Each structure stands twice: as structure tokens, then as C-alpha cells.
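Text of the file data-v6.csv, holding CSV, C-alpha atoms and all ligand atoms:
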chain,number,residue,atom,x,y,z
A,249,MET,CA,143.8,106.9,454.7
A,250,ASN,CA,142.9,108.9,451.6
A,251,ILE,CA,139.2,108.8,451.0
A,252,PRO,CA,137.9,108.7,447.4
A,253,ASP,CA,136.6,111.9,445.8
A,254,ALA,CA,133.0,112.3,444.6
A,255,GLY,CA,134.0,111.1,441.1
A,256,SER,CA,135.4,107.8,442.1
A,257,LYS,CA,133.5,107.2,445.3
A,258,ALA,CA,130.5,105.2,444.1
A,259,ALA,CA,132.7,102.7,442.3
A,260,VAL,CA,135.1,102.3,445.2
A,261,VAL,CA,132.3,101.9,447.8
A,262,GLU,CA,130.4,99.4,445.7
A,263,ALA,CA,133.5,97.3,445.1
A,264,MET,CA,134.4,97.5,448.9
A,265,PHE,CA,130.9,96.3,450.0
A,266,ASP,CA,130.9,93.6,447.4
A,267,ARG,CA,134.2,92.4,448.9
A,268,ILE,CA,133.2,92.4,452.6
A,269,ALA,CA,129.6,91.3,452.2
A,270,PRO,CA,130.1,87.7,453.5
A,271,ARG,CA,131.6,89.0,456.8
A,272,TYR,CA,129.8,92.3,457.1
A,273,ASP,CA,127.3,91.2,459.7
A,274,LEU,CA,129.9,89.5,461.9
A,275,MET,CA,132.0,92.6,461.9
A,276,ASN,CA,129.0,94.8,462.7
A,277,ARG,CA,128.0,92.6,465.7
A,278,LEU,CA,131.6,92.6,467.0
A,279,MET,CA,132.2,96.3,466.5
A,280,THR,CA,128.9,97.4,468.2
A,281,PHE,CA,128.7,94.5,470.7
A,282,GLY,CA,125.4,93.6,469.1
A,283,MET,CA,123.9,97.1,469.8
A,284,ASP,CA,123.4,97.8,466.1
A,285,ARG,CA,120.3,95.7,466.1
A,286,PHE,CA,118.9,97.6,469.0
A,287,TRP,CA,119.5,101.0,467.2
A,288,ARG,CA,117.6,99.8,464.2
A,289,ARG,CA,114.8,98.7,466.4
A,290,GLN,CA,114.7,102.2,468.0
A,291,ALA,CA,114.6,103.7,464.5
A,292,VAL,CA,111.7,101.5,463.5
A,293,GLN,CA,109.9,102.3,466.7
A,294,ALA,CA,110.3,106.0,466.1
A,295,LEU,CA,108.4,105.6,462.9
A,296,ALA,CA,105.3,104.1,464.6
A,297,LEU,CA,104.2,102.4,461.4
A,298,PRO,CA,100.9,100.5,461.5
A,299,PRO,CA,101.1,96.9,460.0
A,300,GLY,CA,100.4,97.0,456.3
A,301,SER,CA,102.5,100.2,455.8
A,302,ARG,CA,105.0,100.2,453.0
A,303,ALA,CA,108.7,101.2,453.7
A,304,LEU,CA,111.9,101.6,451.7
A,305,ASP,CA,115.2,100.5,453.2
A,306,LEU,CA,117.6,102.7,451.4
A,307,ALA,CA,121.1,101.2,451.0
A,308,CYS,CA,119.8,98.1,452.8
A,309,GLY,CA,123.0,96.2,452.7
A,310,THR,CA,122.5,92.7,454.2
A,311,GLY,CA,118.9,93.5,455.1
A,312,ASP,CA,118.8,94.1,458.9
A,313,PHE,CA,116.3,96.9,458.6
A,314,CYS,CA,114.2,94.9,456.1
A,315,ALA,CA,114.0,92.0,458.5
A,316,GLU,CA,113.0,94.3,461.4
A,317,LEU,CA,110.3,96.0,459.4
A,318,ALA,CA,108.9,92.7,458.0
A,319,ARG,CA,108.8,91.4,461.6
A,320,ILE,CA,106.2,94.1,462.5
A,321,GLY,CA,104.1,93.5,459.3
A,322,VAL,CA,105.5,96.3,457.2
A,323,GLY,CA,105.9,95.7,453.4
A,324,VAL,CA,109.5,96.4,452.5
A,325,VAL,CA,111.6,97.3,449.5
A,326,GLY,CA,115.3,97.0,450.2
A,327,LEU,CA,117.5,98.8,447.7
A,328,ASP,CA,121.3,98.7,447.4
A,329,PHE,CA,123.8,98.9,444.6
A,330,SER,CA,126.1,96.1,445.9
A,331,ALA,CA,125.0,92.8,444.4
A,332,ALA,CA,127.0,90.8,447.0
A,333,MET,CA,125.3,92.6,449.9
A,334,LEU,CA,121.9,91.9,448.3
A,335,ARG,CA,122.8,88.2,448.0
A,336,VAL,CA,123.4,88.0,451.7
A,337,ALA,CA,120.2,90.0,452.3
A,338,GLY,CA,118.0,87.6,450.2
A,339,PRO,CA,117.5,84.7,452.7
A,340,ARG,CA,117.4,87.1,455.7
A,341,SER,CA,114.7,89.5,454.3
A,342,THR,CA,111.8,87.1,453.9
A,343,GLY,CA,108.9,89.0,452.3
A,344,ALA,CA,111.0,92.0,451.2
A,345,THR,CA,111.5,93.0,447.6
A,346,LEU,CA,115.1,93.6,447.0
A,347,VAL,CA,116.2,96.0,444.2
A,348,ARG,CA,119.7,96.6,442.9
A,349,ALA,CA,119.9,100.3,442.2
A,350,ASP,CA,121.6,103.6,443.0
A,351,ALA,CA,120.2,105.6,445.9
A,352,LEU,CA,120.8,108.8,444.0
A,353,ARG,CA,118.3,107.8,441.3
A,354,LEU,CA,115.6,105.6,442.7
A,355,PRO,CA,113.7,103.5,440.1
A,356,LEU,CA,110.5,103.9,442.3
A,357,HIS,CA,107.2,105.8,441.9
A,358,ASP,CA,106.5,109.2,443.4
A,359,GLN,CA,104.7,109.1,446.8
A,360,SER,CA,104.7,105.3,447.0
A,361,PHE,CA,106.1,104.8,450.6
A,362,ASP,CA,104.9,105.5,454.1
A,363,ALA,CA,108.4,105.5,455.4
A,364,VAL,CA,112.1,105.5,454.4
A,365,VAL,CA,114.8,104.1,456.6
A,366,SER,CA,118.5,104.1,456.1
A,367,GLY,CA,121.2,102.6,458.3
A,368,PHE,CA,124.8,103.8,458.3
A,369,ALA,CA,124.8,104.7,454.6
A,370,LEU,CA,124.9,108.5,454.4
A,371,ARG,CA,128.7,108.6,454.6
A,372,ASN,CA,128.9,106.3,451.6
A,373,PHE,CA,126.8,108.3,449.1
A,374,ALA,CA,128.6,110.4,446.6
A,375,ASN,CA,126.4,113.3,447.7
A,376,LEU,CA,123.5,113.8,450.0
A,377,GLU,CA,121.3,116.2,448.1
A,378,ASP,CA,120.2,113.6,445.5
A,379,PRO,CA,119.3,110.8,447.9
A,380,PHE,CA,117.5,113.2,450.2
A,381,ARG,CA,115.5,114.6,447.2
A,382,GLU,CA,114.7,111.1,446.1
A,383,CYS,CA,113.5,110.1,449.6
A,384,PHE,CA,111.2,113.1,449.6
A,385,ARG,CA,109.9,112.2,446.2
A,386,VAL,CA,109.0,108.6,446.9
A,387,LEU,CA,107.4,109.4,450.3
A,388,LYS,CA,103.7,110.0,450.6
A,389,SER,CA,102.5,113.2,452.1
A,390,GLY,CA,102.9,112.7,455.9
A,391,GLY,CA,105.4,109.9,455.3
A,392,LYS,CA,108.4,109.6,457.7
A,393,ILE,CA,112.1,109.2,457.4
A,394,ALA,CA,114.5,107.6,459.9
A,395,LEU,CA,118.2,107.8,459.3
A,396,LEU,CA,120.9,106.1,461.4
A,397,GLU,CA,124.5,107.2,461.2
A,398,VAL,CA,127.6,107.2,463.2
A,399,ASP,CA,128.4,110.4,465.1
A,400,THR,CA,130.9,111.8,467.6
A,401,PRO,CA,130.1,112.1,471.3
A,402,THR,CA,129.6,115.6,472.6
A,403,SER,CA,131.5,115.1,475.9
A,404,SER,CA,135.2,115.7,475.4
A,405,LEU,CA,136.1,112.8,477.7
A,406,LEU,CA,133.9,110.3,475.8
A,407,ARG,CA,135.3,111.7,472.5
A,408,VAL,CA,138.8,110.6,473.6
A,409,GLY,CA,137.6,107.0,474.3
A,410,HIS,CA,135.5,107.0,471.2
A,411,ARG,CA,138.4,108.1,469.0
A,412,ALA,CA,140.7,105.4,470.5
A,413,TYR,CA,138.0,102.8,469.8
A,414,PHE,CA,136.5,103.8,466.5
A,415,HIS,CA,139.6,105.3,464.8
A,416,HIS,CA,142.3,103.0,466.1
A,417,LEU,CA,140.9,99.7,467.5
A,418,VAL,CA,138.2,99.1,464.9
A,419,PRO,CA,140.7,99.4,461.9
A,420,LEU,CA,143.0,97.1,463.8
A,421,ILE,CA,140.3,94.4,464.3
A,422,GLY,CA,139.1,95.1,460.8
A,423,ARG,CA,142.5,94.1,459.4
A,424,LEU,CA,141.5,90.5,460.0
A,425,ILE,CA,138.7,91.0,457.5
A,426,ASP,CA,139.6,93.8,455.1
A,427,HIS,CA,142.2,96.4,456.0
A,428,GLU,CA,141.1,99.0,453.4
A,429,ALA,CA,137.4,98.7,454.3
A,430,TYR,CA,137.8,99.1,458.0
A,431,SER,CA,140.2,102.0,457.6
A,432,TYR,CA,137.7,103.6,455.3
A,433,LEU,CA,134.9,103.2,458.0
A,434,PRO,CA,136.3,105.8,460.5
A,435,ALA,CA,137.8,107.9,457.7
A,436,SER,CA,134.5,108.2,455.9
A,437,THR,CA,133.0,110.2,458.8
A,438,GLU,CA,134.8,113.2,457.2
A,439,TYR,CA,132.1,113.1,454.5
A,440,LEU,CA,129.4,113.7,457.1
A,441,PRO,CA,128.1,117.3,457.4
A,442,ASP,CA,127.7,118.6,461.0
A,443,GLU,CA,124.3,118.5,462.7
A,444,ALA,CA,123.1,122.0,461.5
A,445,ARG,CA,124.1,121.4,457.9
A,446,LEU,CA,122.6,117.9,457.8
A,447,LEU,CA,119.3,119.1,459.1
A,448,GLU,CA,119.4,122.2,456.8
A,449,MET,CA,119.9,119.9,453.8
A,450,LEU,CA,116.9,117.9,454.7
A,451,ALA,CA,114.8,121.0,455.4
A,452,ARG,CA,115.8,122.5,452.0
A,453,VAL,CA,114.5,119.4,450.3
A,454,GLY,CA,111.1,119.9,452.1
A,455,PHE,CA,111.3,117.7,455.2
A,456,ARG,CA,109.8,119.1,458.4
A,457,GLY,CA,109.6,118.1,462.0
A,458,LEU,CA,113.3,117.4,462.0
A,459,LYS,CA,114.7,115.7,465.1
A,460,LYS,CA,118.1,114.4,466.0
A,461,ARG,CA,118.4,111.8,468.8
A,462,ARG,CA,121.8,110.7,470.2
A,463,LEU,CA,122.3,107.0,471.0
A,464,LEU,CA,125.2,105.5,472.9
A,465,ALA,CA,126.3,108.8,474.4
A,466,GLY,CA,126.3,110.4,470.9
A,467,ALA,CA,128.4,107.8,469.1
A,468,VAL,CA,125.3,107.1,466.9
A,469,GLN,CA,122.7,109.6,465.6
A,470,LEU,CA,119.1,108.9,464.7
A,471,ILE,CA,117.6,111.7,462.4
A,472,SER,CA,113.9,111.6,461.9
A,473,ALA,CA,111.6,113.9,459.9
A,474,SER,CA,108.4,113.8,457.9
A,475,ARG,CA,107.2,114.9,454.5
B,501,LIG,C1,127.5,100.5,455.9
B,501,LIG,S1,126.5,99.7,454.8
B,501,LIG,C2,124.9,99.7,455.7
B,501,LIG,C3,124.0,98.6,455.3
B,501,LIG,C4,122.7,98.5,456.1
B,501,LIG,N1,121.9,99.7,455.8
B,501,LIG,C5,123.0,98.4,457.6
B,501,LIG,O1,122.3,99.2,458.3
B,501,LIG,O2,123.7,97.5,458.0
B,501,LIG,C6,126.3,100.9,453.5
B,501,LIG,C7,125.5,100.3,452.3
B,501,LIG,O3,125.3,101.4,451.5
B,501,LIG,C8,125.3,100.9,450.1
B,501,LIG,N2,125.4,102.0,449.2
B,501,LIG,C9,126.4,103.0,449.3
B,501,LIG,N3,126.2,103.9,448.3
B,501,LIG,C10,125.0,103.5,447.6
B,501,LIG,C11,124.3,104.0,446.5
B,501,LIG,N4,124.7,105.1,445.9
B,501,LIG,N5,123.2,103.4,446.1
B,501,LIG,C12,122.8,102.2,446.7
B,501,LIG,N6,123.5,101.7,447.8
B,501,LIG,C13,124.6,102.3,448.2
B,501,LIG,C14,126.5,99.9,450.2
B,501,LIG,O4,126.5,99.0,449.1
B,501,LIG,C15,126.3,99.2,451.5
B,501,LIG,O5,125.5,98.1,451.4
Turn the structure described in the file into C-alpha cells.
Amino acid sequence: MNIPDAGSKAAVVEAMFDRIAPRYDLMNRLMTFGMDRFWRRQAVQALALPPGSRALDLACGTGDFCAELARIGVGVVGLDFSAAMLRVAGPRSTGATLVRADALRLPLHDQSFDAVVSGFALRNFANLEDPFRECFRVLKSGGKIALLEVDTPTSSLLRVGHRAYFHHLVPLIGRLIDHEAYSYLPASTEYLPDEARLLEMLARVGFRGLKKRRLLAGAVQLISASR
């Protein structure tokens, strides 16, 4: 599949998530055998936030991270540019404030959050420099970031199985929902910088204590850092 270039990407991605919003959660649970919830829980645990903290869920989609953070007593702002994803998030994100905005230009005050989380969104941004700079800006000094994203297993044997599943089976199952969207999903990994470059981009913005943790044999990555 041809993936959109930086100029058209935001419009294509927004329209795609608007289209798939009502079935996004179902497909997530099917594709990950329900493990996506566990990964988000791991990411939230890595932040070790005391109740009463304030967190931003960047590109919150249908609000899974918002719900997880609210469950442990954290005040959440969920931000996304897809109106349809936010509509699904509404009833599921009790207590969260939902904002429709672009992750590349956050309408949020400097140093107003203890943490920023983001799930499976990096591939979808038109660039990473702007959202990383914005995350740094809105975090308080000492604030933490936890980013979940797909990845490729390091073992060559697992890579073969992962490729068959993620690049062939997922688009096939996804045909039932939205052929274009679930072909875009594996294809969009092309946008992701490799580990060294991703960590370097975060470091250049000012983040420190950068760590990458591999989940599910490396099929998923959890990047954490602090300001
Ligand atoms: C794969 S979904 C992930 C949703 C959610 N974070 C999760 O873990 O399920 C990617 C989300 O990123 C949002 N998104 C992509 N680019 C964005 C941007 N520039 N600003 C705000 N939201 C964006 C999409 O609308 C979509 O809801």
C-alpha cells in the first residue's frame, strides 16, 4: 500500500479514524488477543503516579488510557483530532476532559502535567519533532512520558511469524472492517524511526532517563523518559 506523504497525512489519518471509530476497540481486542489493555496498564504502572496527579493522553482515540489513568485516581485530559474517536471515548472516559486538537500544536499550558502517555499514535503523526517538543513543553519539571508503539521482534524466527501475522493476517481480518485502514496499519510502521533515532529525537528535545522496554517478544515497545 502507498502510505500518505507528510503533506496529506494528517487529513488521511483523521478521516480514517473517523471511519473506523465505532469498530476500533473490537478490532484492537481481536488483533492483540486483549493484550493491548495489559500493555497500557504496564505503561501506566511505569509512571508510578500518585493519585491526584494530572496526565495528558496524547492521541487518546477511544480513551483506553484515559480510563486506566482515571481508575487509579489520576486527573486526565484526553486529546485527539478525530471527532468520531472522541465520541466513542466520551462515555468510557468518566472524569476525563476530552479535547479535540492537533498533537502537533497543543492548546495546553506550559508545565501543566505530571505525565504524558500515548498509545500507538507515533506512526500516525505527520512528524515526531513537533509532538515531542509539545510533550516536553506541557510537562512539569520531573514529569514523565510513556509511549507505546508497535515494533519488530529482534529474533529472526519471531520476525517471520510476526510478519505473517501483522503484515498479512491482520489486513486480511481487517478487510471485514475497513480494508484501507487495516492495510495502512502494518504499512505505517515505515514511518517509525529505529530505536537509536527515536531515542535521539526525544533526547534532543530535552528528555532524559530514556528507556525502551520490549513487550510481547519485541512486537510492542514502551518508551519512557522524564523531563
Ligand atoms: C491507533 S489510534 C490510538 C488510539 C489510542 N491512543 C489507543 O491506544 O488505542 C491513533 C490515534 O491517533 C490520533 N491522531 C493521529 N494523529 C493525530 C494528531 N496529529 N493529533 C491528534 N490526534 C491524532 C487518531 O485520531 C487516532 O485516534
Practice task
Using only C-alpha atoms and all ligand atoms, find each residue with an atom at most 9 Å away from ligand LIG 501 (chain B) and format the answer as a ChimeraX atom specification.
Solution key: /A:257-259,261-266,269,272-273,276,284-285,288,305-313,327-334,348-354,365-375,379,396-397,433
Exercise for the section: Go ahead and compute the interatomic distance for CA of Ala363 (chain A) and CA of Ser301 (chain A), in Å to one decimal. Expected result: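 That distance, rounded to one decimal, is 7.9 Å.
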Exercise for the section: To one decimal in Å, tell me the separation between CA of Glu438 (chain A) and CA of Ala412 (chain A). Expected result: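 Answer for the CA of Glu438 (chain A) to CA of Ala412 (chain A) separation: 16.5 Å.
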Problem - CA of Val260 (chain A) to CA of Arg277 (chain A), distance in Å rounded to a single decimal - result: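 Rounded to one decimal, the two atoms are 23.8 Å apart.
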Practice task
Show which residues sit within 12 Å of Cys383 (chain A), as a ChimeraX atom specification. Count all atoms listed in the file, and ignore same-chain residues fewer than 5 positions away.
Solution key: /A:303-307,351-366,376-378,388-389,391-395,450,453-455,473-475
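Take the candidates A:Leu458, A:Leu346, A:Ala467, A:Met279 and check each one against Ala444 (chain A) using all atoms listed in the file; the shortest distance goes to A:Leu458.
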Handout entry: Closest of A:Val468, A:Pro252, A:Arg302, A:Gln293 to Leu387 (chain A) - atom-to-atom distances counting all atoms listed in the file
Key =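 So, comparing all the options, the nearest one is A:Arg302.
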Exercise for the section: Extract, using only C-alpha atoms, all DNA, RNA and protein residues at most 10 Å from Ile425 (chain A), discarding same-chain residues fewer than 5 positions from it, and format them as number ranges by chain. Expected result: A: 267-268, 271-272, 274-275, 419-420, 430
Practice task
Considering all atoms listed in the file, state which residue in the set A:Gly457, A:Gly321, A:Gly255, A:Pro299 is at the smallest distance from Gly390 (chain A).
Solution key: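 Among the listed residues, the smallest separation from Gly390 (chain A) belongs to A:Gly457.
You can rank A:Thr437, A:Ser472, A:Asn250, A:Ser256 by their closest distance to Val398 (chain A) using all atoms listed in the file, and at the top of that list sits A:Thr437.
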Could you put an axis-aligned box around every listed atom of region 443-453 of chain A, padded by 4 Å on each side, and send me its centre and edge lengths in Å to one decimal, as lines of an AutoDock Vina configuration file?
center_x = 119.4
center_y = 120.2
center_z = 456.5
size_x = 17.8
size_y = 12.6
size_z = 20.4
Give me, as a short mmCIF file (atom, residue, chain, number, x, y, z; two decimals) with C-alpha atoms, keeping the file's coordinate frame, all polymer residues having an atom no more than 6 Å from Ser341 (chain A), counting all atoms listed in the file and skipping those fewer than 3 positions away in the same chain.
data_model
loop_
_atom_site.label_atom_id
_atom_site.label_comp_id
_atom_site.auth_asym_id
_atom_site.auth_seq_id
_atom_site.Cartn_x
_atom_site.Cartn_y
_atom_site.Cartn_z
CA GLY A 311 118.90 93.50 455.10
CA CYS A 314 114.20 94.90 456.10
CA ALA A 315 114.00 92.00 458.50
CA ALA A 337 120.20 90.00 452.30
CA GLY A 338 118.00 87.60 450.20
CA ALA A 344 111.00 92.00 451.20
#
Handout entry: Counting all atoms listed in the file, the residue of A:Met249, A:Leu297, A:Met283, A:Ile471 that sits nearest Arg456 (chain A)
Key = A:Ile471
Exercise for the section: In the coordinates of the file, take the point (126.9, 111.8, 469.5) and a cut-off of 7 Å; then, counting only C-alpha atoms, name each qualifying protein, DNA or RNA residue as a list in words. Expected result: Asp399, Thr400, Pro401, Thr402, Arg462, Leu463, Ala465, Gly466, Ala467, Val468 and Gln469 of chain A
Problem - Nearest candidate to Lys460 (chain A) (options A:Phe384, A:Leu406, A:Glu428, A:Ala294; using only C-alpha atoms) - result: A:Ala294
